[in-house]
Amino acid sequence: MTAGPNSLPFHGAPPRPPAVTRGAPHLRAAMSLRRALGIVVLALTPCLVMALYNSGQQANAAMARLGLAGLPGWRGAVLGALGIGHDPASLWDSLWHGALYLLPILAVSLAVGAFWERLFATLRRRPLRDGLIVTALVFTLVLPPAAPLWQVALGMSFGIVIGKEIFGGTGKNVLNPALVGLAFLYFGYPTEMAGHPLWTEVAGYRGSAVFGAVAAGGMEALAQAGVTWWRAFLGLTQGTLGETSTLACLLGGTVLIATRVASWRIVAGVLLGMIGAALAFNALGGGAGPIFALPWYWHLTLGGFAFGMVFLATDPVSAAMTDTGRWVYGLLIGVVTVLVRVANPVHPDGVMLAVLFANISAPLIDYLVVWANIRRRARRDA
């Protein structure tokens, strides 16, 4: 080979450099995936604690109203063997009773999710990716306390396989996998997933989730049930395991925003969209249902709005990526949530449907934002 005037003779493999830089030139991300997931788990801790306490306290309170001295079934046997009572005023009794609802659901979610992720990792000949623990925790917290374990396994399977793995796994999913699994259960088993026994599994007790009561009887139903705004804000009401406490969700959201794991623009957009839509329906007056007149501050505390705003809408994989797009994405979730709550009596909460709809719209939102920026710069430079 003939060397040119500005080149060196080259024969075979190029020589290795005499030294490799080991200092500042190597750039590393300050936030790894594992660290971000650990922060999400930390942010979910208040909701987990509240899920343990509130689900057990609601069950103990129902037993007290019915005058039951013991609980039938395996839960009653476990509590009896441990010497745990059923006093609704006891923090200890409520936490233990609640643990017998939450822990089996979480264990099944983790086991089923681990099976599918291991299977796909083996078939693709790739190492396991992080993310299962967060998906399992979120899926557990959006379920009713007494959800049948076979439905938990089915919903988790659908969420992991259809919601994540068919797209390529962690970081490539278009939809939130926990919500995909929840949507499958709600549409596949609507009666089982919305039945009264799931909220408080005590024989003879017919209490319902708070938002379902509002959808059926308006604010009068809340007054009759003794539910005040502060009780709803603290989460001392019936509902899913981890969505009842707005306070716990806001504490977790503070952690996510302070560490920049979640986008404050999305959270603010969801809140502003909800407030604007609620005020608009309030101004219309009357309407086809009692939720037309529901004030925005009640929308904030009822159902899964706060949990969806903080933990579901801010999923960095399925949310919008551009700053302007995040505002639009959040506003869309807030508006659609209230719209579904007002117009859809079958599924009055609306948060799940709103977030899934926004997940689907996120790529289009980002595309339109980028296209608008290109057009604006083209006109500026013309």
# chains A, B, ... in the order shown; residues from 1 in each chain; ligands from 1
call {"tool": "select_by_dssp", "arguments": {"residues": "stretch 179-359 of chain A", "states": "alpha helix (DSSP H)", "output": "MDAnalysis selection string"}}
result
chainID A and resid 179:188 190:194 196:199 210:217 219:225 229:234 246:258 264:284 296:301 305:307 323:343 351:359
call {"tool": "closest_residue", "arguments": {"among": "A:Leu294, A:Val161, A:Ala215, A:Leu256", "to": "A:Leu175", "atoms": "only C-alpha atoms"}}
result
A:Val161
call {"tool": "residues_around", "arguments": {"residues": "stretch 92-109 of chain A", "least_positions_apart": "3", "cutoff": "8 Å", "atoms": "only C-alpha atoms", "output": "PyMOL selection string"}}
result
chain A and resi 51-57+59-60+75+79+84-89+112-113+136-137+139-140+145-147+149+152-153+156+241
call {"tool": "atom_distance", "arguments": {"atom1": "atom CA of A:Ala358", "atom2": "atom CA of A:Leu332"}}
result
6.7 Å
call {"tool": "residues_around", "arguments": {"residues": "A:Leu300", "least_positions_apart": "3", "cutoff": "9 Å", "atoms": "only C-alpha atoms", "output": "PyMOL selection string"}}
result
chain A and resi 233+246+271+274-275+296-297+303-306
call {"tool": "write_last_selection", "arguments": {"atoms": "N, CA and C atoms", "output": "mmCIF file, in the first residue's frame"}}
result
data_model
loop_
_atom_site.group_PDB
_atom_site.id
_atom_site.type_symbol
_atom_site.label_atom_id
_atom_site.label_comp_id
_atom_site.auth_asym_id
_atom_site.auth_seq_id
_atom_site.Cartn_x
_atom_site.Cartn_y
_atom_site.Cartn_z
ATOM 1 N N PHE A 233 -59.171 13.410 51.326
ATOM 2 C CA PHE A 233 -57.807 13.864 51.062
ATOM 3 C C PHE A 233 -56.788 12.958 51.751
ATOM 4 N N THR A 246 -54.894 11.209 48.643
ATOM 5 C CA THR A 246 -54.293 12.286 47.857
ATOM 6 C C THR A 246 -53.021 12.791 48.530
ATOM 7 N N LEU A 271 -53.259 18.791 36.362
ATOM 8 C CA LEU A 271 -54.041 19.523 37.361
ATOM 9 C C LEU A 271 -54.812 20.685 36.727
ATOM 10 N N MET A 274 -57.704 19.406 34.566
ATOM 11 C CA MET A 274 -58.834 18.963 35.382
ATOM 12 C C MET A 274 -59.614 20.153 35.930
ATOM 13 N N ILE A 275 -58.887 21.162 36.459
ATOM 14 C CA ILE A 275 -59.564 22.330 37.027
ATOM 15 C C ILE A 275 -60.371 23.063 35.960
ATOM 16 N N TRP A 296 -63.875 21.171 41.527
ATOM 17 C CA TRP A 296 -62.585 20.617 41.109
ATOM 18 C C TRP A 296 -61.811 20.044 42.287
ATOM 19 N N TYR A 297 -61.956 20.641 43.473
ATOM 20 C CA TYR A 297 -61.191 20.146 44.616
ATOM 21 C C TYR A 297 -61.709 18.784 45.091
ATOM 22 N N GLY A 303 -61.582 9.088 43.722
ATOM 23 C CA GLY A 303 -61.096 8.164 42.699
ATOM 24 C C GLY A 303 -59.580 8.116 42.664
ATOM 25 N N GLY A 304 -59.051 7.829 41.487
ATOM 26 C CA GLY A 304 -57.605 7.682 41.336
ATOM 27 C C GLY A 304 -56.939 8.869 40.677
ATOM 28 N N PHE A 305 -57.544 10.063 40.758
ATOM 29 C CA PHE A 305 -56.986 11.200 40.029
ATOM 30 C C PHE A 305 -55.572 11.538 40.499
ATOM 31 N N ALA A 306 -55.378 11.687 41.803
ATOM 32 C CA ALA A 306 -54.061 12.092 42.314
ATOM 33 C C ALA A 306 -53.003 11.042 41.979
#
call {"tool": "decode", "arguments": {"residues": "stretch 295-306 of chain A", "atoms": "C-alpha atoms", "output": "tab-separated table (two decimals), in the first residue's frame"}}
result
chain	number	residue	atom	x	y	z
A	295	PRO	CA	-66.16	21.04	42.34
A	296	TRP	CA	-62.58	20.62	41.11
A	297	TYR	CA	-61.19	20.15	44.62
A	298	TRP	CA	-63.42	17.08	45.01
A	299	HIS	CA	-62.24	15.74	41.66
A	300	LEU	CA	-58.73	15.98	43.09
A	301	THR	CA	-59.46	13.77	46.09
A	302	LEU	CA	-61.96	11.25	44.68
A	303	GLY	CA	-61.10	8.16	42.70
A	304	GLY	CA	-57.61	7.68	41.34
A	305	PHE	CA	-56.99	11.20	40.03
A	306	ALA	CA	-54.06	12.09	42.31
